[in-house]
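The structure appears below as structure tokens.
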Amino acid sequence: MTHTKLLQSCCFFLALLVMNKSALIGKSHSKGKDNPVLQYVVNNSVREPQVMEKLRLKTMEDTWNIMMVPPEQAQLMANLIRLIKAKKAIEVGMYTGYNTLNVALAMPEDGKVIACEINQEYVNMGKPFFKEAGVEDKVNIQLQPALKTLDDLLTAGEAETFDFVFIDADKINYDNYYERSLQLIRKGGIIAIDNVLWSGRVVAPADDDITSQALDALNKKLHKDDRIDLSMLTVGDGLTLAIKH
């Protein structure tokens, strides 16, 4: 092994040690399920509507359930939506719709959420729960690449008309999603970006880990972006909140 490779391996190992001793616990239904502090938080703060619980449990049957937003994070975003009185939202990466349902329930009767997804199977899983919750008219599902949906909205003159955007799709395109979202969001609106810590791998991205590299680059870009106010939280797998100036 060359000195460079050895140094990189040591740095990665140290990053893992730091991660394991950090405040990054993970999601309550995956890496954090056995963490007593996180479970205390869930047991003593989460107020999950029954229909959301049903969809969460249904989603847990899916192999990729780790992609689901945990209830503690969903509730945080629902409270932010209520706080800014959001009526128009976009979700970039719907998965089974657990957080789409969360957003729709948090908005008033005339609220609308545009949900971007490319997998029909996941859409079909969520739809019955939207209907059960009485929010199916609030949810506009776009079954196509999210970038096309965002570009279509801009072309349609929807710039600066949205209150809240949640980005949780393919990480390589995060910067593209962010830039489009920044155009679509109003002043004072919030862009929430998921998985920004990527299980700690952003601390020292490996040479062949383009996903961690892309997330790290975006994190550093947002830190210097004077178009927004910023907070990066250790909620779930890392959640960044960007508030447009």
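Chains: A, B, ... in order of the structure tokens. Residues: from 1 per chain. Ligands: from 1, in order shown.
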
With only C-alpha atoms counted and 12 Å as the cut-off, give the residues of segment 99-118 of chain A in contact with segment 165-174 of chain A, each with its shortest interatomic distance in Å and the pair that gives it, as CSV.
residue,atom,partner,partner_atom,distance
A:Asn99,CA,A:Phe166,CA,9.2
A:Thr100,CA,A:Phe166,CA,9.5
A:Asn102,CA,A:Phe166,CA,11.7
A:Val103,CA,A:Phe166,CA,9.6
A:Lys112,CA,A:Val165,CA,11.8
A:Val113,CA,A:Val165,CA,9.2
A:Ile114,CA,A:Val165,CA,9.4
A:Ala115,CA,A:Phe166,CA,9.6
A:Cys116,CA,A:Ala169,CA,8.9
A:Glu117,CA,A:Ala169,CA,8.6
A:Ile118,CA,A:Ala169,CA,10.0

Store the residues picked out above, limited to N, CA and C atoms, as an mmCIF file, in the first residue's frame.
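Ended up saving to result10.cif:
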data_model
loop_
_atom_site.group_PDB
_atom_site.id
_atom_site.type_symbol
_atom_site.label_atom_id
_atom_site.label_comp_id
_atom_site.auth_asym_id
_atom_site.auth_seq_id
_atom_site.Cartn_x
_atom_site.Cartn_y
_atom_site.Cartn_z
ATOM 1 N N ASN A 99 -43.611 11.300 3.827
ATOM 2 C CA ASN A 99 -43.456 12.723 4.114
ATOM 3 C C ASN A 99 -44.366 13.584 3.251
ATOM 4 N N THR A 100 -44.727 13.092 2.074
ATOM 5 C CA THR A 100 -45.724 13.805 1.258
ATOM 6 C C THR A 100 -47.027 13.927 2.034
ATOM 7 N N ASN A 102 -47.310 13.756 5.254
ATOM 8 C CA ASN A 102 -46.991 14.636 6.373
ATOM 9 C C ASN A 102 -47.145 16.105 5.988
ATOM 10 N N VAL A 103 -46.582 16.472 4.821
ATOM 11 C CA VAL A 103 -46.654 17.857 4.349
ATOM 12 C C VAL A 103 -48.101 18.251 4.052
ATOM 13 N N LYS A 112 -51.269 22.807 -1.467
ATOM 14 C CA LYS A 112 -50.914 21.907 -2.566
ATOM 15 C C LYS A 112 -49.451 21.479 -2.410
ATOM 16 N N VAL A 113 -49.200 20.187 -2.633
ATOM 17 C CA VAL A 113 -47.825 19.693 -2.643
ATOM 18 C C VAL A 113 -47.591 18.950 -3.955
ATOM 19 N N ILE A 114 -46.556 19.342 -4.657
ATOM 20 C CA ILE A 114 -46.155 18.657 -5.881
ATOM 21 C C ILE A 114 -45.113 17.617 -5.496
ATOM 22 N N ALA A 115 -45.449 16.343 -5.726
ATOM 23 C CA ALA A 115 -44.591 15.233 -5.313
ATOM 24 C C ALA A 115 -43.920 14.616 -6.537
ATOM 25 N N CYS A 116 -42.597 14.655 -6.566
ATOM 26 C CA CYS A 116 -41.823 14.136 -7.694
ATOM 27 C C CYS A 116 -41.369 12.704 -7.406
ATOM 28 N N GLU A 117 -41.682 11.808 -8.316
ATOM 29 C CA GLU A 117 -41.290 10.403 -8.148
ATOM 30 C C GLU A 117 -41.157 9.749 -9.528
ATOM 31 N N ILE A 118 -40.296 8.733 -9.635
ATOM 32 C CA ILE A 118 -40.115 8.040 -10.910
ATOM 33 C C ILE A 118 -40.525 6.570 -10.832
#

Set the distance at 8 Å and use only C-alpha atoms: which residues neighbour segment 150-153 of chain A once local chain neighbours fewer than 3 positions away are removed? I'd like the list as a VMD selection string. chain A and resid 146 to 147 156 to 159 177 180 to 181 184

Could you please take those selected residues and save N, CA and C atoms as a PDB file, in the first residue's frame?
ATOM      1  N   ALA A 146     -37.433  14.496 -11.647  1.00  0.00           N
ATOM      2  CA  ALA A 146     -37.740  15.708 -10.877  1.00  0.00           C
ATOM      3  C   ALA A 146     -37.232  16.972 -11.555  1.00  0.00           C
ATOM      4  N   LEU A 147     -36.071  16.897 -12.208  1.00  0.00           N
ATOM      5  CA  LEU A 147     -35.544  18.091 -12.871  1.00  0.00           C
ATOM      6  C   LEU A 147     -36.509  18.594 -13.938  1.00  0.00           C
ATOM      7  N   ALA A 156     -43.523  27.571 -16.546  1.00  0.00           N
ATOM      8  CA  ALA A 156     -44.927  27.966 -16.368  1.00  0.00           C
ATOM      9  C   ALA A 156     -45.089  29.244 -15.550  1.00  0.00           C
ATOM     10  N   GLY A 157     -43.981  29.880 -15.173  1.00  0.00           N
ATOM     11  CA  GLY A 157     -44.048  31.136 -14.438  1.00  0.00           C
ATOM     12  C   GLY A 157     -44.268  30.990 -12.950  1.00  0.00           C
ATOM     13  N   GLU A 158     -43.863  29.835 -12.381  1.00  0.00           N
ATOM     14  CA  GLU A 158     -44.093  29.571 -10.959  1.00  0.00           C
ATOM     15  C   GLU A 158     -42.935  30.020 -10.055  1.00  0.00           C
ATOM     16  N   ALA A 159     -41.989  30.752 -10.594  1.00  0.00           N
ATOM     17  CA  ALA A 159     -40.851  31.218  -9.788  1.00  0.00           C
ATOM     18  C   ALA A 159     -41.324  32.045  -8.597  1.00  0.00           C
ATOM     19  N   TYR A 177     -31.087  20.380  -8.095  1.00  0.00           N
ATOM     20  CA  TYR A 177     -32.373  20.532  -7.412  1.00  0.00           C
ATOM     21  C   TYR A 177     -32.377  21.802  -6.555  1.00  0.00           C
ATOM     22  N   ARG A 180     -32.701  25.055  -8.754  1.00  0.00           N
ATOM     23  CA  ARG A 180     -34.073  25.221  -9.244  1.00  0.00           C
ATOM     24  C   ARG A 180     -35.005  25.606  -8.112  1.00  0.00           C
ATOM     25  N   SER A 181     -34.837  24.939  -6.981  1.00  0.00           N
ATOM     26  CA  SER A 181     -35.702  25.217  -5.828  1.00  0.00           C
ATOM     27  C   SER A 181     -35.539  26.645  -5.344  1.00  0.00           C
ATOM     28  N   LEU A 184     -37.663  28.751  -7.350  1.00  0.00           N
ATOM     29  CA  LEU A 184     -39.092  28.523  -7.166  1.00  0.00           C
ATOM     30  C   LEU A 184     -39.609  28.993  -5.812  1.00  0.00           C
TER      31      LEU A 184
END

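Nearest residue to Gly111 of chain A among A:Thr96, A:Val69, A:Gly126, A:Phe164 is A:Phe164, counting only C-alpha atoms.
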
Per DSSP on the backbone, filter segment 5-241 of chain A down to the residues in strand (DSSP E) and report them as a PyMOL selection string. chain A and resi 88-92+112-117+139-143+162-167+185-194+228-233+239-241

Please return as JSON, numbers by chain: the residues of segment 39-242 of chain A that backbone DSSP assigns to helix (DSSP H, G or I). {"A": [39, 40, 41, 42, 43, 44, 45, 50, 51, 52, 53, 54, 55, 56, 57, 58, 59, 65, 66, 67, 71, 72, 73, 74, 75, 76, 77, 78, 79, 80, 81, 82, 83, 98, 99, 100, 101, 102, 103, 104, 105, 106, 120, 121, 122, 123, 124, 125, 126, 127, 128, 129, 130, 131, 132, 133, 146, 147, 148, 149, 150, 151, 152, 153, 154, 155, 171, 172, 173, 174, 175, 176, 177, 178, 179, 180, 181, 182, 183, 184, 198, 199, 200, 210, 211, 212, 213, 214, 215, 216, 217, 218, 219, 220, 221, 222, 223]}

Quick one: pull the distance between atom CA of Glu48 of chain A and atom CA of Pro71 of chain A, Å, one decimal.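 Distance reported for this atom pair: 7.0 Å.
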
Name all residues at most 8 Å from Met68 of chain A (count only C-alpha atoms; drop same-chain ones fewer than 2 positions away) and give them as a list in words. Thr59, Asn65, Ile66, Pro70, Tyr95, Thr96, Tyr98 and Asn99 of chain A

Any chance you could tabulate, as CSV, the residues of segment 38-156 of chain A at most 12 Å from segment 188-197 of chain A with each one's nearest atom pair and distance in Å to one decimal, using only C-alpha atoms, in chain and rising number order?
residue,atom,partner,partner_atom,distance
A:Ile66,CA,A:Asn195,CA,11.2
A:Met67,CA,A:Asn195,CA,9.5
A:Met68,CA,A:Asp194,CA,10.6
A:Val69,CA,A:Asp194,CA,8.7
A:Pro70,CA,A:Asp194,CA,11.1
A:Gln73,CA,A:Asp194,CA,9.8
A:Ala74,CA,A:Ala192,CA,11.1
A:Leu76,CA,A:Ala192,CA,10.7
A:Met77,CA,A:Ala192,CA,8.1
A:Ala78,CA,A:Ala192,CA,11.4
A:Leu80,CA,A:Ile190,CA,8.4
A:Ile81,CA,A:Ile190,CA,8.6
A:Arg82,CA,A:Ile190,CA,11.8
A:Leu83,CA,A:Gly189,CA,10.8
A:Ile84,CA,A:Gly189,CA,7.6
A:Lys85,CA,A:Gly189,CA,9.9
A:Ala86,CA,A:Gly189,CA,8.3
A:Lys87,CA,A:Gly189,CA,10.9
A:Lys88,CA,A:Gly189,CA,10.1
A:Ala89,CA,A:Ile190,CA,9.6
A:Ile90,CA,A:Ile191,CA,9.4
A:Glu91,CA,A:Ala192,CA,9.6
A:Val92,CA,A:Ile193,CA,9.6
A:Gly93,CA,A:Asp194,CA,10.3
A:Asn99,CA,A:Asp194,CA,11.8

Residue nearest Asn219 of chain A among A:Gln50, A:Asp62, A:Asp175, A:Ile243 (counting only C-alpha atoms): A:Asp175

Rounded to one decimal in Å, what is the spacing between atom CA of His245 of chain A and atom CA of Lys148 of chain A?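 Computing the Euclidean distance for atom CA of His245 of chain A and atom CA of Lys148 of chain A yields 25.4 Å.
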
Pick out the closest residue to Phe162 of chain A from this set: A:Gly200, A:Val139, A:Leu218, A:Lys187. Count only C-alpha atoms. A:Lys187

Hey, which of A:Glu109, A:Asp163, A:Glu179, A:Asp137 ends up closest to Lys221 of chain A? Count only C-alpha atoms.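 The shortest atom-to-atom distance to Lys221 of chain A comes from A:Glu179.
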
Would you mind reading off the distance between atom CA of Asn124 of chain A and atom CA of Gln142 of chain A, one decimal, in Å?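 Spanning atom CA of Asn124 of chain A to atom CA of Gln142 of chain A is a straight-line distance of 12.7 Å.
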
Identify, on the basis of only C-alpha atoms, every residue whose closest approach to Asn43 of chain A does not exceed 12 Å; exclude the query and any residue fewer than 4 positions from it along the same chain; express the result as a ChimeraX atom specification. /A:28,33,36-39,47-48,71-72

Go ahead and write the selection's residues with C-alpha atoms as a compact mmCIF listing (two decimals), in the first residue's frame.
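Dumped everything to again21.txt:
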# COMPACT_ATOMS: atom_id res chain seq x y z
CA SER A 28 -35.37 6.09 14.60
CA LYS A 33 -33.68 2.19 16.50
CA PRO A 36 -32.12 4.94 23.98
CA VAL A 37 -31.79 8.72 23.69
CA LEU A 38 -33.38 8.86 20.24
CA GLN A 39 -36.13 6.48 21.27
CA ARG A 47 -47.35 12.93 17.68
CA GLU A 48 -47.83 10.79 14.61
CA PRO A 71 -41.27 10.46 12.15
CA GLU A 72 -39.16 12.76 14.35

Nearest to Gln183 of chain A: which of A:Glu136, A:Lys244, A:Thr211, A:Asp237 is it, counting only C-alpha atoms? A:Lys244

Find the residues around Phe129 of chain A up to 10 Å (only C-alpha atoms counted), leave out those fewer than 6 positions away in its own chain, and share them as a list of chain:residue names. A:Val51, A:Met52, A:Lys54, A:Leu55, A:Thr96, A:Gly97, A:Tyr98, A:Leu101, A:Val135, A:Glu136
